[in-house]
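coords.cif, holding mmCIF, C-alpha atoms:
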```cif
data_my_file
#
loop_
_atom_site.label_atom_id
_atom_site.label_comp_id
_atom_site.auth_asym_id
_atom_site.auth_seq_id
_atom_site.Cartn_x
_atom_site.Cartn_y
_atom_site.Cartn_z
CA MET A 1 -20.32 -8.93 55.06
CA SER A 2 -21.53 -11.77 52.92
CA GLY A 3 -24.43 -10.01 51.27
CA PRO A 4 -25.55 -10.82 47.75
CA ALA A 5 -22.65 -10.71 45.31
CA SER A 6 -22.22 -7.45 43.50
CA PRO A 7 -24.11 -7.34 40.22
CA VAL A 8 -21.01 -5.84 38.66
CA VAL A 9 -19.15 -9.08 39.13
CA GLN A 10 -22.12 -11.21 38.13
CA ASP A 11 -22.34 -9.34 34.87
CA ARG A 12 -18.89 -10.44 33.90
CA SER A 13 -19.64 -13.91 32.75
CA GLY A 14 -16.60 -16.13 32.60
CA PHE A 15 -14.45 -13.68 34.53
CA VAL A 16 -11.62 -15.81 35.85
CA VAL A 17 -8.72 -14.57 37.91
CA GLU A 18 -5.80 -16.70 38.90
CA LEU A 19 -4.21 -16.22 42.26
CA GLU A 20 -0.66 -16.73 40.97
CA GLN A 21 -1.19 -13.72 38.76
CA PHE A 22 -1.31 -11.43 41.75
CA SER A 23 1.50 -10.70 44.13
CA GLY A 24 -0.87 -9.41 46.79
CA PRO A 25 -4.11 -7.57 47.63
CA LEU A 26 -2.84 -4.25 46.25
CA ASP A 27 -2.06 -5.94 42.96
CA LEU A 28 -5.56 -7.41 42.84
CA LEU A 29 -7.10 -4.03 43.69
CA LEU A 30 -5.12 -2.31 40.95
CA HIS A 31 -6.23 -4.98 38.53
CA LEU A 32 -9.90 -4.39 39.41
CA ILE A 33 -9.46 -0.63 39.14
CA HIS A 34 -7.82 -0.83 35.71
CA GLU A 35 -10.30 -3.43 34.54
CA ASP A 36 -13.17 -1.02 35.07
CA GLU A 37 -11.11 2.06 34.21
CA LEU A 38 -11.96 3.59 37.55
CA ASP A 39 -10.47 6.84 38.77
CA ILE A 40 -7.91 5.85 41.35
CA THR A 41 -7.99 9.25 43.06
CA ASP A 42 -11.79 9.26 43.39
CA LEU A 43 -12.36 5.61 44.09
CA PRO A 44 -15.96 4.35 44.18
CA ILE A 45 -15.16 2.53 47.36
CA ALA A 46 -18.47 0.66 47.78
CA LYS A 47 -18.21 -0.80 44.30
CA ILE A 48 -14.55 -1.74 44.60
CA ALA A 49 -15.06 -3.26 48.06
CA ASP A 50 -17.90 -5.46 46.78
CA GLN A 51 -15.85 -6.55 43.80
CA PHE A 52 -12.85 -7.31 45.94
CA LEU A 53 -14.93 -9.45 48.29
CA ALA A 54 -16.60 -11.24 45.41
CA VAL A 55 -13.28 -12.03 43.78
CA ILE A 56 -11.59 -13.33 46.91
CA ASN A 57 -14.65 -15.46 47.56
CA GLU A 58 -14.49 -16.86 44.07
CA LEU A 59 -10.80 -17.49 44.37
CA GLY A 60 -11.12 -19.23 47.68
CA LEU A 61 -8.58 -16.83 49.07
CA ASN A 62 -10.34 -16.71 52.39
CA GLN A 63 -7.33 -18.26 54.07
CA ALA A 64 -4.92 -15.57 52.93
CA ALA A 65 -4.57 -13.14 55.79
CA ASP A 66 -3.21 -10.34 53.61
CA TYR A 67 -6.29 -10.40 51.41
CA LEU A 68 -8.61 -10.54 54.41
CA GLU A 69 -6.88 -7.59 56.00
CA MET A 70 -7.42 -5.57 52.84
CA ALA A 71 -11.05 -6.66 52.71
CA ALA A 72 -11.55 -5.42 56.28
CA ARG A 73 -9.82 -2.15 55.42
CA LEU A 74 -12.08 -1.62 52.41
CA LEU A 75 -15.21 -2.29 54.44
CA ARG A 76 -14.10 0.14 57.12
CA ILE A 77 -13.52 2.87 54.54
CA LYS A 78 -16.88 2.07 52.97
CA ALA A 79 -18.55 2.51 56.36
CA GLN A 80 -16.70 5.76 57.02
CA MET A 81 -17.84 7.12 53.67
CA LEU A 82 -21.44 6.51 54.68
CA LEU A 83 -21.19 8.57 57.85
CA PRO A 84 -22.93 11.93 57.51
CA ARG A 85 -20.62 14.90 57.58
CA ARG A 86 -21.50 18.38 58.53
CA LEU A 87 -21.50 21.06 55.88
CA GLY A 88 -18.46 23.24 55.98
CA ASP A 89 -16.55 20.72 58.04
CA ASP A 90 -12.97 21.53 57.15
CA GLU A 91 -11.68 18.87 59.49
CA TRP A 92 -13.14 16.11 57.35
CA GLU A 93 -10.46 13.85 55.94
CA ASP A 94 -11.23 11.58 53.06
CA PRO A 95 -11.11 8.08 54.56
CA ARG A 96 -9.87 6.82 51.19
CA ALA A 97 -6.78 9.03 51.26
CA GLU A 98 -4.47 6.48 52.86
CA LEU A 99 -5.59 3.69 50.52
CA VAL A 100 -5.23 5.92 47.47
CA ARG A 101 -1.75 6.93 48.57
CA ARG A 102 -0.77 3.26 48.95
CA LEU A 103 -2.29 2.32 45.61
CA LEU A 104 -0.44 5.09 43.80
CA GLU A 105 2.77 4.09 45.52
CA TYR A 106 2.23 0.47 44.62
CA GLN A 107 1.38 1.36 41.04
CA GLN A 108 4.71 3.11 40.81
CA ILE A 109 6.41 -0.03 42.11
CA ARG A 110 4.66 -2.09 39.46
CA GLU A 111 5.99 0.25 36.80
CA LEU A 112 9.46 -0.11 38.23
CA VAL A 113 9.05 -3.88 38.17
CA GLU A 114 8.31 -3.61 34.48
CA TRP A 115 11.44 -1.56 33.94
CA LEU A 116 13.65 -3.82 36.05
CA GLY A 117 12.33 -6.93 34.32
CA GLN A 118 13.19 -5.49 30.93
CA ALA A 119 16.65 -4.43 32.12
CA ALA A 120 17.31 -7.91 33.49
CA ALA A 121 16.11 -9.56 30.28
CA ARG A 122 18.38 -7.30 28.24
CA ARG A 123 21.34 -7.98 30.50
CA ALA A 124 20.72 -11.73 30.17
CA GLU A 125 21.48 -11.46 26.46
CA GLN A 126 25.13 -10.95 27.30
CA LEU A 127 27.25 -13.61 28.91
CA GLY A 128 30.32 -13.05 30.99
CA ARG A 129 33.28 -15.35 31.21
CA GLY A 130 33.17 -18.46 33.32
CA PHE A 131 29.42 -18.64 33.19
CA ARG A 132 28.91 -22.35 33.52
CA PRO A 133 25.57 -23.99 32.95
CA GLU A 134 23.93 -25.64 35.88
CA PRO A 135 24.98 -29.29 35.79
CA PRO A 136 22.21 -31.63 34.75
CA ALA A 137 21.01 -33.96 37.46
CA ALA A 138 23.45 -36.89 37.39
CA PRO A 139 21.99 -40.38 37.04
CA PRO A 140 22.69 -42.62 40.04
CA ALA A 141 26.12 -44.26 39.80
CA PRO A 142 26.14 -48.02 39.09
CA LEU A 143 26.57 -50.15 42.22
CA VAL A 144 29.98 -51.67 42.80
CA ILE A 145 29.38 -54.75 44.93
CA GLU A 146 30.70 -58.26 45.47
CA LEU A 147 28.33 -61.17 44.97
CA ASN A 148 28.99 -62.43 48.51
CA ASP A 149 28.19 -59.04 49.99
CA LEU A 150 24.97 -59.01 48.04
CA LEU A 151 24.01 -62.48 49.25
CA ALA A 152 24.89 -61.61 52.83
CA ALA A 153 22.78 -58.50 52.59
CA ALA A 154 19.90 -60.47 51.13
CA GLU A 155 20.14 -62.93 53.99
CA ARG A 156 20.13 -60.18 56.55
CA VAL A 157 17.02 -58.77 54.97
CA ILE A 158 15.32 -62.13 54.79
CA ALA A 159 16.20 -62.86 58.42
CA LEU A 160 14.28 -59.77 59.43
CA ILE A 161 11.10 -61.01 57.80
CA PRO A 162 8.84 -62.47 60.51
CA GLU A 163 7.98 -66.14 60.14
CA PRO A 164 4.78 -66.26 58.13
CA VAL A 165 1.84 -67.96 59.82
CA LEU A 166 0.88 -70.57 57.26
CA HIS A 167 -0.73 -73.97 57.48
CA ARG A 168 1.65 -76.68 56.56
CA VAL A 169 0.07 -79.14 54.18
CA VAL A 170 1.37 -82.66 54.73
CA PRO A 171 0.26 -85.48 52.49
CA ARG A 172 -1.48 -88.05 54.67
CA PRO A 173 -3.33 -90.31 52.30
CA LEU A 174 -6.33 -91.97 53.79
CA ASP A 175 -6.23 -95.74 53.55
CA VAL A 176 -9.87 -96.31 52.56
CA GLU A 177 -9.07 -99.46 50.66
CA GLY A 178 -7.33 -101.03 53.64
CA ALA A 179 -10.22 -100.10 55.91
CA THR A 180 -12.72 -101.56 53.43
CA ALA A 181 -10.81 -104.83 53.31
CA LYS A 182 -10.68 -104.95 57.09
CA LEU A 183 -14.41 -104.34 57.38
CA GLN A 184 -15.20 -106.97 54.79
CA ALA A 185 -13.02 -109.47 56.65
CA LEU A 186 -14.91 -108.72 59.87
CA LEU A 187 -18.27 -108.94 58.10
CA ALA A 188 -17.34 -112.37 56.78
CA GLU A 189 -16.50 -113.44 60.32
CA ARG A 190 -19.29 -111.86 62.36
CA ALA A 191 -22.82 -110.67 61.78
CA GLU A 192 -22.48 -107.78 64.18
CA PHE A 193 -19.55 -105.94 65.73
CA GLY A 194 -18.69 -102.63 67.32
CA TRP A 195 -16.81 -99.61 66.03
CA LEU A 196 -13.91 -100.22 68.34
CA ASP A 197 -13.50 -103.75 66.92
CA VAL A 198 -12.63 -102.16 63.59
CA VAL A 199 -10.40 -99.28 64.56
CA GLY A 200 -8.70 -100.87 67.55
CA ALA A 201 -8.04 -99.41 71.00
CA ARG A 202 -5.73 -96.55 69.98
CA PRO A 203 -6.65 -95.44 66.51
CA THR A 204 -4.91 -92.59 64.78
CA LEU A 205 -6.90 -89.83 63.22
CA ILE A 206 -6.13 -91.30 59.82
CA ASP A 207 -7.48 -94.71 60.91
CA VAL A 208 -10.71 -93.20 62.19
CA LEU A 209 -11.30 -91.22 59.01
CA SER A 210 -10.36 -94.12 56.74
CA VAL A 211 -12.68 -96.55 58.53
CA PHE A 212 -15.49 -94.04 58.69
CA ILE A 213 -15.36 -93.39 54.94
CA ALA A 214 -15.15 -97.11 54.20
CA LEU A 215 -18.07 -97.71 56.54
CA LEU A 216 -20.24 -95.16 54.77
CA GLU A 217 -19.25 -96.54 51.41
CA LEU A 218 -20.15 -100.14 52.39
CA ALA A 219 -23.41 -98.93 53.96
CA LYS A 220 -24.27 -97.23 50.73
CA ARG A 221 -23.54 -100.41 48.84
CA GLY A 222 -25.81 -102.27 51.27
CA SER A 223 -23.14 -104.58 52.68
CA LEU A 224 -23.83 -103.39 56.19
CA SER A 225 -25.94 -101.13 58.32
CA VAL A 226 -24.84 -98.75 61.02
CA HIS A 227 -26.70 -98.29 64.27
CA GLN A 228 -26.34 -96.01 67.19
CA ALA A 229 -28.56 -96.03 70.28
CA GLY A 230 -28.07 -92.36 70.99
CA ALA A 231 -25.70 -89.50 70.52
CA PHE A 232 -22.12 -90.38 71.54
CA THR A 233 -23.02 -94.02 72.21
CA PRO A 234 -20.95 -96.78 70.63
CA ILE A 235 -21.61 -97.46 66.98
CA GLN A 236 -22.79 -100.97 66.08
CA ILE A 237 -22.21 -102.46 62.67
CA ARG A 238 -24.44 -105.24 61.29
CA ARG A 239 -24.00 -107.38 58.26
CA GLU A 240 -26.71 -106.98 55.63
CA SER A 241 -27.43 -109.41 52.92
CA PRO A 242 -26.24 -107.78 49.77
CA ARG A 243 -29.31 -106.82 47.86
CA ASP A 244 -29.08 -106.42 44.18
CA ALA A 245 -25.32 -106.66 44.02
CA VAL A 246 -24.42 -105.77 40.51
CA MET B 1 47.08 -0.46 21.83
CA SER B 2 48.95 1.01 24.77
CA PRO B 3 50.69 -1.36 27.22
CA LEU B 4 48.21 -0.33 29.91
CA ALA B 5 45.26 -1.25 27.66
CA THR B 6 46.68 -4.69 26.84
CA LEU B 7 47.43 -5.27 30.54
CA PHE B 8 43.79 -4.49 31.36
CA GLU B 9 42.67 -6.71 28.50
CA ALA B 10 44.53 -9.63 30.08
CA ALA B 11 43.15 -8.95 33.55
CA LEU B 12 39.57 -8.47 32.34
CA PHE B 13 39.84 -11.62 30.24
CA ALA B 14 40.92 -13.60 33.30
CA SER B 15 38.09 -12.27 35.47
CA SER B 16 34.59 -13.70 35.55
CA ARG B 17 33.14 -10.59 37.20
CA PRO B 18 33.34 -6.87 36.57
CA LEU B 19 36.59 -5.27 37.78
CA THR B 20 36.40 -1.81 39.26
CA VAL B 21 38.75 0.99 38.30
CA GLU B 22 40.31 0.73 41.76
CA GLU B 23 41.00 -2.95 41.25
CA LEU B 24 42.49 -2.34 37.80
CA ARG B 25 44.75 0.36 39.23
CA THR B 26 46.41 -2.16 41.52
CA LEU B 27 47.85 -3.78 38.37
CA GLU B 28 49.83 -0.64 37.66
CA PRO B 29 49.91 1.56 40.76
CA THR B 30 51.90 4.29 39.07
CA ALA B 31 49.16 4.93 36.53
CA GLY B 32 46.93 7.88 37.32
CA GLU B 33 43.14 7.59 37.31
CA GLY B 34 42.92 9.53 34.08
CA ALA B 35 45.34 7.15 32.38
CA VAL B 36 43.30 4.16 33.59
CA HIS B 37 40.08 5.57 32.18
CA ALA B 38 41.83 6.43 28.92
CA ALA B 39 43.22 2.90 28.62
CA LEU B 40 39.79 1.38 29.28
CA ALA B 41 38.19 3.60 26.65
CA GLU B 42 40.95 2.65 24.22
CA LEU B 43 40.36 -1.04 24.89
CA ARG B 44 36.59 -0.72 24.52
CA ASP B 45 36.93 1.18 21.26
CA ALA B 46 39.45 -1.31 19.91
CA PHE B 47 37.00 -4.19 20.45
CA ALA B 48 34.12 -2.16 19.06
CA ALA B 49 36.06 -1.13 15.96
CA ALA B 50 37.25 -4.58 14.98
CA ASP B 51 34.78 -7.40 14.46
CA HIS B 52 34.71 -9.25 17.76
CA GLY B 53 32.26 -11.62 19.44
CA VAL B 54 32.78 -9.90 22.76
CA GLU B 55 32.62 -6.30 23.90
CA LEU B 56 33.92 -4.39 26.89
CA VAL B 57 30.97 -3.15 28.92
CA GLU B 58 30.83 -0.71 31.81
CA ILE B 59 28.69 -2.42 34.40
CA ALA B 60 28.15 -2.58 38.15
CA GLN B 61 30.70 0.16 38.90
CA GLY B 62 33.30 -1.72 36.90
CA TRP B 63 34.25 -3.18 33.56
CA GLN B 64 33.64 -6.61 32.07
CA PHE B 65 33.97 -8.46 28.79
CA LEU B 66 30.57 -9.75 27.72
CA THR B 67 29.45 -11.65 24.64
CA ARG B 68 27.57 -9.65 22.06
CA ARG B 69 23.81 -9.82 22.30
CA GLU B 70 23.33 -11.37 18.88
CA TYR B 71 25.12 -14.55 19.98
CA ALA B 72 23.12 -15.17 23.16
CA GLU B 73 20.61 -17.44 21.51
CA ALA B 74 23.17 -19.59 19.69
CA ILE B 75 25.28 -20.00 22.82
CA GLU B 76 22.28 -20.90 24.88
CA ARG B 77 20.98 -23.34 22.30
CA ALA B 78 24.35 -25.13 22.34
CA GLN B 79 24.12 -25.19 26.15
CA PHE B 80 27.61 -23.86 26.70
CA ALA B 81 26.04 -21.41 29.07
CA LEU B 82 22.64 -20.71 30.55
CA ARG B 83 20.98 -17.40 31.03
CA PRO B 84 20.51 -16.57 34.68
CA ARG B 85 17.21 -17.54 36.24
CA ARG B 86 14.46 -15.00 35.80
CA LEU B 87 13.33 -13.13 38.86
CA SER B 88 9.72 -13.57 39.98
CA PRO B 89 7.37 -10.56 40.07
CA ALA B 90 7.46 -10.72 43.88
CA ALA B 91 11.28 -10.65 43.81
CA LEU B 92 11.32 -7.72 41.37
CA GLU B 93 8.79 -5.79 43.46
CA THR B 94 10.90 -6.27 46.55
CA LEU B 95 14.08 -5.34 44.68
CA ALA B 96 12.45 -2.19 43.32
CA ILE B 97 11.37 -1.09 46.80
CA ILE B 98 14.77 -1.81 48.31
CA ALA B 99 16.57 -0.09 45.44
CA TYR B 100 14.56 3.11 45.80
CA ARG B 101 14.13 3.21 49.56
CA GLN B 102 17.49 1.90 50.74
CA PRO B 103 18.38 1.54 53.51
CA VAL B 104 14.97 0.06 54.22
CA GLY B 105 13.56 -2.40 56.76
CA ARG B 106 11.31 -5.37 56.23
CA SER B 107 8.25 -3.73 57.73
CA GLU B 108 8.39 -0.91 55.19
CA VAL B 109 8.68 -3.38 52.31
CA ASP B 110 5.72 -5.33 53.74
CA GLU B 111 3.74 -2.12 54.05
CA ILE B 112 4.33 -1.03 50.46
CA ARG B 113 3.71 -4.46 48.93
CA GLY B 114 0.77 -5.24 51.21
CA VAL B 115 2.10 -8.75 51.86
CA ASP B 116 4.71 -10.34 54.08
CA SER B 117 8.04 -10.14 52.26
CA GLY B 118 10.42 -11.79 54.72
CA ALA B 119 10.91 -14.94 52.65
CA VAL B 120 11.46 -12.96 49.44
CA ILE B 121 14.07 -10.74 51.09
CA ASP B 122 15.86 -13.80 52.46
CA LYS B 123 16.04 -15.30 48.98
CA LEU B 124 17.34 -12.08 47.46
CA ALA B 125 19.99 -11.90 50.18
CA GLU B 126 20.91 -15.51 49.44
CA ARG B 127 21.41 -14.63 45.78
CA GLY B 128 23.56 -11.70 46.86
CA LEU B 129 21.27 -9.07 45.34
CA VAL B 130 20.53 -7.32 48.64
CA GLU B 131 22.34 -7.20 51.95
CA VAL B 132 21.99 -5.81 55.42
CA VAL B 133 23.66 -2.39 55.31
CA THR B 134 22.84 -1.04 58.73
CA ARG B 135 20.41 -1.15 61.62
CA GLY B 136 17.55 1.25 62.04
CA GLU B 137 16.59 3.32 65.03
CA GLY B 138 13.55 2.37 67.03
CA LEU B 139 12.13 -0.76 68.49
CA GLY B 140 14.41 -3.79 68.12
CA ARG B 141 16.80 -1.81 65.92
CA PRO B 142 15.52 -3.49 62.71
CA LEU B 143 17.91 -4.65 60.00
CA LEU B 144 17.98 -2.30 57.05
CA TYR B 145 18.66 -3.63 53.57
CA GLY B 146 20.30 -2.17 50.50
CA THR B 147 21.26 -3.38 47.04
CA THR B 148 24.64 -4.92 46.16
CA PRO B 149 26.94 -4.58 43.12
CA GLN B 150 25.49 -7.96 42.11
CA PHE B 151 22.11 -6.22 41.78
CA LEU B 152 23.59 -3.73 39.33
CA GLU B 153 25.27 -6.57 37.48
CA ILE B 154 22.14 -8.61 36.82
CA LEU B 155 20.38 -5.50 35.54
CA GLY B 156 23.34 -4.36 33.46
CA LEU B 157 23.51 -1.01 35.24
CA LYS B 158 26.64 1.05 35.82
CA ASP B 159 25.29 2.43 39.07
CA LEU B 160 22.03 3.23 40.88
CA ASP B 161 21.78 6.58 39.07
CA GLU B 162 20.85 4.65 35.95
CA LEU B 163 17.60 3.56 37.53
CA PRO B 164 14.70 5.63 36.19
CA ARG B 165 13.69 8.59 38.30
CA LEU B 166 10.28 8.11 39.82
CA GLU B 167 8.85 11.28 38.25
CA GLU B 168 9.92 10.26 34.76
CA LEU B 169 8.69 6.74 35.19
CA SER B 170 5.13 7.34 36.32
CA VAL B 171 4.66 9.73 33.40
CA ALA B 172 6.19 7.38 30.89
CA LEU B 173 4.34 4.28 31.99
CA ARG B 174 1.14 5.83 33.25
CA PRO B 175 -1.86 3.56 32.63
CA PRO B 176 -4.38 4.80 30.06
CA ALA B 177 -6.53 7.77 31.00
CA PRO B 178 -6.07 8.20 34.72
CA ALA B 179 -7.82 11.33 35.89
CA GLU B 180 -5.59 14.05 37.26
CA PRO B 181 -6.18 14.92 40.88
CA GLU B 182 -7.68 18.36 41.29
#
```
Please express what this file holds, its structure, as structure tokens.
Amino acid sequence: MSGPASPVVQDRSGFVVELEQFSGPLDLLLHLIHEDELDITDLPIAKIADQFLAVINELGLNQAADYLEMAARLLRIKAQMLLPRRLGDDEWEDPRAELVRRLLEYQQIRELVEWLGQAAARRAEQLGRGFRPEPPAAPPAPLVIELNDLLAAAERVIALIPEPVLHRVVPRPLDVEGATAKLQALLAERAEFGWLDVVGARPTLIDVLSVFIALLELAKRGSLSVHQAGAFTPIQIRRESPRDAV
Amino acid sequence: MSPLATLFEAALFASSRPLTVEELRTLEPTAGEGAVHAALAELRDAFAAADHGVELVEIAQGWQFLTRREYAEAIERAQFALRPRRLSPAALETLAIIAYRQPVGRSEVDEIRGVDSGAVIDKLAERGLVEVVTRGEGLGRPLLYGTTPQFLEILGLKDLDELPRLEELSVALRPPAPAEPE
């Protein structure tokens, strides 16, 4: 079925057919026949079948059942034409006869369509009474609403919004200065002391952080040194003689 | 003009669709059919003779006042009225088949067009251009369709006899150089 495309179609460079142009497979067939000025009553069925298949392939019409049915019909007739027939066989019936009959009938319909279209166009030039134009699409009417209703509606909508999962940012300023002062006071008093001596028995998170930063700062300055025997063991703080204090 | 002609003028003016001779006769039951036809002809000639923007037209097995063709464009441009929607080729094909084969069933329309026509027929019926006229013999007693007066009206035809005869048509509109069958 999907042999090489017919050279006839390949020859027509830029031959484009639009699907909307055709109201069905018979219309497409008639178009192909007229295009090539073929004799409808002595149809070269092999040629027309190949062209039909090539066109519906090009058009991507493969989904359209009506076109596929016609394609199958054409191929069947093509096969029947190839069968040998005995000489003097009066019983032989042209397998194309039914298709030709339908095409002629359809061609007549197309001519009638032409006539009817012209009659309708001519009739449309005359208007009867009470012929009202179709109303244009009306713009949406302005909303009539009380402010309170609007606010209530807004609240109802807002209430439906799920609580957003956000981190609440609370200002908790670290008291590094206070911690520094405390450490310096302890250093003045003792040469060595423990971590817990600075922060107390129940330090808050803020206390811990403040003291830790102050501790690092003073260590950097050389006021003290920090010692730890091992991981997670108590921190010991020793006074250092300030070196080159500027 | 005769009193009968002016009476018809009033009735036809008031109507937005063609009025049949039978309908017009109900206005004056004592008038014979000949008198009705004479009055209508008188009215039509009176409008044709004087310069008028409208004319009395015989259409869809009746009579109707219609605007003259030359004013269609101006009226449409001013949007006082719109021309009716154009029919698609598929709709015209289906109408042609139903007009010539009526009463005709869907399967026959499908067969002639080579495509399923159910949706097109439904649309035409919705627009009042075709209607179910009877049921056929055979399996499922299929609905058979025919054309309506509305069909004649949109084509500006007096009756179905004004459609071209098939023999005339295929000669008149025959495509170039088709070979004659032997």
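Near chain B, within 7 Å and using all atoms listed in the file, the residues of chain A are Ser23, Gly24, Pro25, Leu26, Asp39, Thr41, Asp66, Arg102, Tyr106, Gln108, Ile109, Arg110, Glu111, Leu112, Val113, Leu116, Ala119, Ala120, Arg123, Ala124, Glu125, Gln126, Leu127, Gly128, Arg129, Gly130, Phe131, Arg132 and Pro133 of chain A.
CA of Arg44 (chain B) sits 9.3 Å away from CA of Glu58 (chain B).
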Straight-line distance linking CA of Val157 (chain A) with CA of Val170 (chain A), stated in Å to one decimal: 28.6 Å
Give as a list in words the residues that the PyMOL selection byres ((chain B and resi 134) around 10) matches when applied to the coordinates above.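 The output of the PyMOL selection byres ((chain B and resi 134) around 10) on this file is Pro103, Val104, Gly105, Glu131, Val132, Val133, Arg135, Gly136, Glu137, Arg141, Pro142, Leu143, Leu144, Tyr145 and Gly146 of chain B.
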Evaluate the PyMOL selection byres ((chain A and resi 77) around 12) against this structure - the residues, as a count of residues only, please. 28
CA of Val21 (chain B) to CA of Ile98 (chain B), straight-line distance in Å: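 Rounded to one decimal, the two atoms are 26.1 Å apart.
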The PyMOL selection byres ((chain B and resi 25-29) around 12) - which residues does that actually catch in the file I just gave you? List them as an MDAnalysis selection string. chainID B and resid 3:12 19:24 30:37 39:40 62
Write out as a tab-separated table (two decimals) with C-alpha atoms, in the coordinates of the input each polymer residue whose atoms come within 12 Å of Gly178 (chain A), counting only C-alpha atoms; drop sequence neighbours fewer than 5 positions from it.
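Written output follows (part_39.tsv):
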```
chain	number	residue	atom	x	y	z
A	173	PRO	CA	-3.33	-90.31	52.30
A	183	LEU	CA	-14.41	-104.34	57.38
A	184	GLN	CA	-15.20	-106.97	54.79
A	185	ALA	CA	-13.02	-109.47	56.65
A	198	VAL	CA	-12.63	-102.16	63.59
A	199	VAL	CA	-10.40	-99.28	64.56
A	206	ILE	CA	-6.13	-91.30	59.82
A	207	ASP	CA	-7.48	-94.71	60.91
A	209	LEU	CA	-11.30	-91.22	59.01
A	210	SER	CA	-10.36	-94.12	56.74
A	211	VAL	CA	-12.68	-96.55	58.53
A	212	PHE	CA	-15.49	-94.04	58.69
A	213	ILE	CA	-15.36	-93.39	54.94
A	214	ALA	CA	-15.15	-97.11	54.20
A	215	LEU	CA	-18.07	-97.71	56.54
```
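If you measure from each of A:Pro234, A:Pro171, A:Pro139, A:Pro84 to Asp197 (chain A) using only C-alpha atoms, the closest one turns out to be A:Pro234.
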Select region 114-128 of chain A in the preceding structure and write N, CA and C atoms to a file as a PDB file, in the first residue's frame.
```
ATOM      1  N   GLU A 114     -23.365  24.934  -6.785  1.00  0.00           N
ATOM      2  CA  GLU A 114     -23.023  26.205  -7.429  1.00  0.00           C
ATOM      3  C   GLU A 114     -24.286  27.037  -7.659  1.00  0.00           C
ATOM      4  N   TRP A 115     -25.269  26.378  -8.228  1.00  0.00           N
ATOM      5  CA  TRP A 115     -26.520  27.061  -8.566  1.00  0.00           C
ATOM      6  C   TRP A 115     -27.214  27.557  -7.300  1.00  0.00           C
ATOM      7  N   LEU A 116     -27.311  26.693  -6.302  1.00  0.00           N
ATOM      8  CA  LEU A 116     -27.988  27.065  -5.059  1.00  0.00           C
ATOM      9  C   LEU A 116     -27.263  28.210  -4.368  1.00  0.00           C
ATOM     10  N   GLY A 117     -25.931  28.155  -4.382  1.00  0.00           N
ATOM     11  CA  GLY A 117     -25.147  29.217  -3.753  1.00  0.00           C
ATOM     12  C   GLY A 117     -25.413  30.557  -4.406  1.00  0.00           C
ATOM     13  N   GLN A 118     -25.500  30.550  -5.735  1.00  0.00           N
ATOM     14  CA  GLN A 118     -25.773  31.803  -6.437  1.00  0.00           C
ATOM     15  C   GLN A 118     -27.179  32.302  -6.145  1.00  0.00           C
ATOM     16  N   ALA A 119     -28.136  31.364  -6.091  1.00  0.00           N
ATOM     17  CA  ALA A 119     -29.525  31.751  -5.791  1.00  0.00           C
ATOM     18  C   ALA A 119     -29.610  32.360  -4.390  1.00  0.00           C
ATOM     19  N   ALA A 120     -28.915  31.741  -3.443  1.00  0.00           N
ATOM     20  CA  ALA A 120     -28.956  32.245  -2.065  1.00  0.00           C
ATOM     21  C   ALA A 120     -28.305  33.621  -1.981  1.00  0.00           C
ATOM     22  N   ALA A 121     -27.194  33.800  -2.705  1.00  0.00           N
ATOM     23  CA  ALA A 121     -26.506  35.093  -2.677  1.00  0.00           C
ATOM     24  C   ALA A 121     -27.402  36.179  -3.266  1.00  0.00           C
ATOM     25  N   ARG A 122     -28.135  35.817  -4.326  1.00  0.00           N
ATOM     26  CA  ARG A 122     -29.017  36.780  -4.976  1.00  0.00           C
ATOM     27  C   ARG A 122     -30.196  37.126  -4.059  1.00  0.00           C
ATOM     28  N   ARG A 123     -30.712  36.116  -3.409  1.00  0.00           N
ATOM     29  CA  ARG A 123     -31.832  36.335  -2.493  1.00  0.00           C
ATOM     30  C   ARG A 123     -31.397  37.241  -1.339  1.00  0.00           C
ATOM     31  N   ALA A 124     -30.135  37.096  -0.909  1.00  0.00           N
ATOM     32  CA  ALA A 124     -29.645  37.847   0.244  1.00  0.00           C
ATOM     33  C   ALA A 124     -29.532  39.336  -0.055  1.00  0.00           C
ATOM     34  N   GLU A 125     -29.677  39.697  -1.344  1.00  0.00           N
ATOM     35  CA  GLU A 125     -29.623  41.123  -1.681  1.00  0.00           C
ATOM     36  C   GLU A 125     -30.934  41.819  -1.370  1.00  0.00           C
ATOM     37  N   GLN A 126     -31.950  41.050  -1.019  1.00  0.00           N
ATOM     38  CA  GLN A 126     -33.245  41.650  -0.711  1.00  0.00           C
ATOM     39  C   GLN A 126     -33.616  41.334   0.726  1.00  0.00           C
ATOM     40  N   LEU A 127     -34.046  42.365   1.416  1.00  0.00           N
ATOM     41  CA  LEU A 127     -34.354  42.185   2.839  1.00  0.00           C
ATOM     42  C   LEU A 127     -35.849  42.297   3.068  1.00  0.00           C
ATOM     43  N   GLY A 128     -36.345  41.394   3.898  1.00  0.00           N
ATOM     44  CA  GLY A 128     -37.753  41.444   4.256  1.00  0.00           C
ATOM     45  C   GLY A 128     -37.954  42.330   5.471  1.00  0.00           C
TER      46      GLY A 128
END
```
